[in-house]
Amino acid sequence: MQPYEERLTAPRSWWFIAVLVGIAMALIMVPFGTLPILGGLIGGAVVAGVVVSSYGSARIRVVAGSLVAGDAKIPLTALG
């Protein structure tokens with residue numbers, strides 16, 4: 001059996017949502033002035049981007065007769 005490894009990535013729509021989170025944070029900071037708006041935009045987008053990147057980067061591999069996806073491990077004999 002050939003070894004197999006794949007890393008999944010977050011879809012583009014998730015990255016678009018991360019940008020929208022940054023914009024929403026900027027809009028929340030509007031009453032406080034220009035610098036807080038910029039901080040909210042950058043901070044919100046960065047935090048949302050980190051969440052998207054960590055959540056959307058699953059690793060799937062076949063190792064020693066088992067399918068390993070993240071923390072889950074399934075023997076190949078149990079797969080159809």
# chains A, B, ... in the order shown; residues from 1 in each chain; ligands from 1
$ residues_around --residues "Leu27 in chain A" --least-positions-apart "5" --cutoff "10 Å" --atoms "only C-alpha atoms" --output "PyMOL selection string"
chain A and resi 21-22+36-38+40-41
$ select_by_dssp --residues "chain A" --states "helix (DSSP H, G or I)" --output "CSV table (one decimal) with N, CA, C and O atoms, in the first residue's frame"
chain,number,residue,atom,x,y,z
A,12,ARG,N,-12.1,29.5,0.2
A,12,ARG,CA,-12.0,31.0,0.0
A,12,ARG,C,-13.1,31.8,0.7
A,12,ARG,O,-12.8,32.9,1.2
A,13,SER,N,-14.3,31.2,0.8
A,13,SER,CA,-15.4,31.9,1.4
A,13,SER,C,-15.1,32.2,2.9
A,13,SER,O,-15.5,33.2,3.5
A,14,TRP,N,-14.3,31.3,3.6
A,14,TRP,CA,-14.0,31.5,5.0
A,14,TRP,C,-13.0,32.7,5.1
A,14,TRP,O,-13.1,33.4,6.1
A,15,TRP,N,-12.1,32.8,4.1
A,15,TRP,CA,-11.2,34.0,4.2
A,15,TRP,C,-11.9,35.3,4.0
A,15,TRP,O,-11.6,36.3,4.6
A,16,PHE,N,-12.9,35.2,3.1
A,16,PHE,CA,-13.8,36.4,2.9
A,16,PHE,C,-14.5,36.8,4.2
A,16,PHE,O,-14.6,38.0,4.5
A,17,ILE,N,-15.0,35.8,4.9
A,17,ILE,CA,-15.7,36.0,6.2
A,17,ILE,C,-14.7,36.6,7.2
A,17,ILE,O,-15.1,37.5,7.9
A,18,ALA,N,-13.4,36.2,7.2
A,18,ALA,CA,-12.4,36.8,8.1
A,18,ALA,C,-12.2,38.3,7.8
A,18,ALA,O,-12.1,39.1,8.7
A,19,VAL,N,-12.3,38.6,6.5
A,19,VAL,CA,-12.1,40.0,6.1
A,19,VAL,C,-13.4,40.8,6.6
A,19,VAL,O,-13.3,41.9,7.1
A,20,LEU,N,-14.5,40.2,6.5
A,20,LEU,CA,-15.8,40.8,6.9
A,20,LEU,C,-15.8,41.0,8.4
A,20,LEU,O,-16.3,42.0,8.9
A,21,VAL,N,-15.2,40.1,9.2
A,21,VAL,CA,-15.1,40.2,10.6
A,21,VAL,C,-14.2,41.5,10.9
A,21,VAL,O,-14.5,42.3,11.8
A,22,GLY,N,-13.1,41.6,10.2
A,22,GLY,CA,-12.3,42.8,10.4
A,22,GLY,C,-13.0,44.1,10.1
A,22,GLY,O,-12.9,45.1,10.9
A,23,ILE,N,-13.8,44.1,9.1
A,23,ILE,CA,-14.6,45.3,8.7
A,23,ILE,C,-15.6,45.6,9.8
A,23,ILE,O,-15.9,46.7,10.2
A,24,ALA,N,-16.3,44.5,10.3
A,24,ALA,CA,-17.2,44.7,11.4
A,24,ALA,C,-16.6,45.2,12.7
A,24,ALA,O,-17.1,46.1,13.3
A,25,MET,N,-15.4,44.8,13.0
A,25,MET,CA,-14.7,45.3,14.2
A,25,MET,C,-14.3,46.8,13.9
A,25,MET,O,-14.4,47.6,14.9
A,26,ALA,N,-14.0,47.2,12.7
A,26,ALA,CA,-13.7,48.6,12.4
A,26,ALA,C,-14.9,49.4,12.6
A,26,ALA,O,-14.9,50.5,13.2
A,27,LEU,N,-16.1,48.9,12.2
A,27,LEU,CA,-17.3,49.7,12.3
A,27,LEU,C,-17.7,49.8,13.8
A,27,LEU,O,-18.3,50.8,14.2
A,28,ILE,N,-17.4,48.8,14.6
A,28,ILE,CA,-17.7,48.9,16.0
A,28,ILE,C,-16.9,50.0,16.7
A,28,ILE,O,-17.3,50.7,17.6
A,30,VAL,N,-15.9,52.8,15.3
A,30,VAL,CA,-16.1,54.2,14.7
A,30,VAL,C,-16.3,55.3,15.7
A,30,VAL,O,-15.7,56.4,15.6
A,31,PRO,N,-17.1,55.1,16.8
A,31,PRO,CA,-17.2,56.2,17.7
A,31,PRO,C,-15.9,56.6,18.5
A,31,PRO,O,-15.9,57.7,19.0
A,32,PHE,N,-14.9,55.8,18.4
A,32,PHE,CA,-13.7,56.1,19.1
A,32,PHE,C,-12.6,56.8,18.3
A,32,PHE,O,-11.6,57.1,18.9
A,34,THR,N,-10.2,57.5,14.5
A,34,THR,CA,-9.5,56.9,13.3
A,34,THR,C,-8.6,55.7,13.7
A,34,THR,O,-8.6,54.7,13.1
A,35,LEU,N,-7.8,56.0,14.7
A,35,LEU,CA,-6.8,55.0,15.1
A,35,LEU,C,-7.5,53.7,15.6
A,35,LEU,O,-7.1,52.6,15.2
A,36,PRO,N,-8.5,53.8,16.5
A,36,PRO,CA,-9.2,52.6,16.9
A,36,PRO,C,-9.9,51.8,15.7
A,36,PRO,O,-10.0,50.6,15.7
A,37,ILE,N,-10.3,52.6,14.7
A,37,ILE,CA,-10.9,52.0,13.6
A,37,ILE,C,-9.9,51.1,12.8
A,37,ILE,O,-10.2,50.0,12.5
A,38,LEU,N,-8.7,51.7,12.6
A,38,LEU,CA,-7.6,50.9,12.0
A,38,LEU,C,-7.2,49.7,12.8
A,38,LEU,O,-7.0,48.6,12.3
A,39,GLY,N,-7.1,49.9,14.1
A,39,GLY,CA,-6.8,48.8,15.0
A,39,GLY,C,-7.8,47.7,15.0
A,39,GLY,O,-7.5,46.5,15.0
A,40,GLY,N,-9.1,48.1,15.0
A,40,GLY,CA,-10.2,47.1,14.9
A,40,GLY,C,-10.2,46.4,13.6
A,40,GLY,O,-10.4,45.1,13.6
A,41,LEU,N,-9.9,47.1,12.5
A,41,LEU,CA,-9.9,46.4,11.2
A,41,LEU,C,-8.7,45.4,11.1
A,41,LEU,O,-8.9,44.2,10.8
A,42,ILE,N,-7.5,45.8,11.5
A,42,ILE,CA,-6.4,44.9,11.4
A,42,ILE,C,-6.5,43.8,12.5
A,42,ILE,O,-6.3,42.7,12.2
A,43,GLY,N,-6.8,44.2,13.7
A,43,GLY,CA,-6.9,43.2,14.8
A,43,GLY,C,-8.0,42.2,14.5
A,43,GLY,O,-7.8,41.0,14.7
A,44,GLY,N,-9.2,42.6,14.1
A,44,GLY,CA,-10.3,41.7,13.8
A,44,GLY,C,-9.9,40.7,12.7
A,44,GLY,O,-10.2,39.6,12.8
A,45,ALA,N,-9.4,41.3,11.6
A,45,ALA,CA,-9.0,40.5,10.5
A,45,ALA,C,-7.9,39.5,10.8
A,45,ALA,O,-8.0,38.3,10.4
A,46,VAL,N,-6.9,39.9,11.6
A,46,VAL,CA,-5.8,39.0,12.0
A,46,VAL,C,-6.3,37.9,12.9
A,46,VAL,O,-6.0,36.7,12.6
A,47,VAL,N,-7.1,38.2,13.9
A,47,VAL,CA,-7.7,37.2,14.8
A,47,VAL,C,-8.6,36.2,14.0
A,47,VAL,O,-8.4,35.0,14.1
A,48,ALA,N,-9.4,36.7,13.2
A,48,ALA,CA,-10.3,35.8,12.4
A,48,ALA,C,-9.5,35.0,11.4
A,48,ALA,O,-9.8,33.8,11.2
A,49,GLY,N,-8.4,35.6,10.8
A,49,GLY,CA,-7.6,34.8,9.9
A,49,GLY,C,-6.8,33.7,10.6
A,49,GLY,O,-6.7,32.6,10.1
A,50,VAL,N,-6.4,33.9,11.8
A,50,VAL,CA,-5.7,32.9,12.6
A,50,VAL,C,-6.7,31.7,12.9
A,50,VAL,O,-6.3,30.6,12.8
A,51,VAL,N,-7.9,32.1,13.3
A,51,VAL,CA,-8.9,31.1,13.5
A,51,VAL,C,-9.2,30.3,12.3
A,51,VAL,O,-9.3,29.0,12.3
A,52,VAL,N,-9.4,30.9,11.2
A,52,VAL,CA,-9.7,30.2,9.9
A,52,VAL,C,-8.5,29.3,9.5
A,52,VAL,O,-8.7,28.2,9.1
A,53,SER,N,-7.3,29.8,9.6
A,53,SER,CA,-6.1,29.1,9.3
A,53,SER,C,-6.0,27.8,10.2
A,53,SER,O,-5.7,26.7,9.7
A,54,SER,N,-6.2,28.0,11.4
A,54,SER,CA,-6.0,26.8,12.3
A,54,SER,C,-7.1,25.8,12.2
A,54,SER,O,-6.9,24.6,12.2
A,55,TYR,N,-8.3,26.3,12.0
A,55,TYR,CA,-9.5,25.4,11.9
A,55,TYR,C,-9.5,24.7,10.5
A,55,TYR,O,-9.9,23.6,10.4
A,76,LEU,N,-7.9,0.7,8.5
A,76,LEU,CA,-8.3,0.6,7.1
A,76,LEU,C,-9.3,-0.6,6.9
A,76,LEU,O,-10.2,-0.6,6.0
A,77,THR,N,-9.2,-1.6,7.7
A,77,THR,CA,-10.2,-2.7,7.6
A,77,THR,C,-11.6,-2.3,7.9
A,77,THR,O,-12.5,-3.0,7.5
A,78,ALA,N,-11.8,-1.2,8.7
A,78,ALA,CA,-13.1,-0.8,9.0
A,78,ALA,C,-13.7,0.1,7.9
A,78,ALA,O,-14.9,0.5,8.0
$ residues_around --residues "range 57-69 of chain A" --least-positions-apart "6" --cutoff "7 Å" --atoms "only C-alpha atoms" --output "list in words"
Pro3, Tyr4, Glu5, Glu6, Arg7, Leu8, Thr9, Ala10, Pro75 and Leu76 of chain A
$ write_last_selection --atoms "C-alpha atoms" --output "tab-separated table (two decimals), in the first residue's frame"
chain	number	residue	atom	x	y	z
A	3	PRO	CA	1.58	6.05	1.85
A	4	TYR	CA	-0.85	8.92	1.49
A	5	GLU	CA	-0.83	12.38	3.00
A	6	GLU	CA	-2.99	15.43	2.33
A	7	ARG	CA	-3.45	18.79	4.03
A	8	LEU	CA	-6.83	20.42	3.64
A	9	THR	CA	-7.16	24.18	3.51
A	10	ALA	CA	-9.99	26.54	4.34
A	75	PRO	CA	-8.19	1.06	10.87
A	76	LEU	CA	-8.34	0.56	7.10
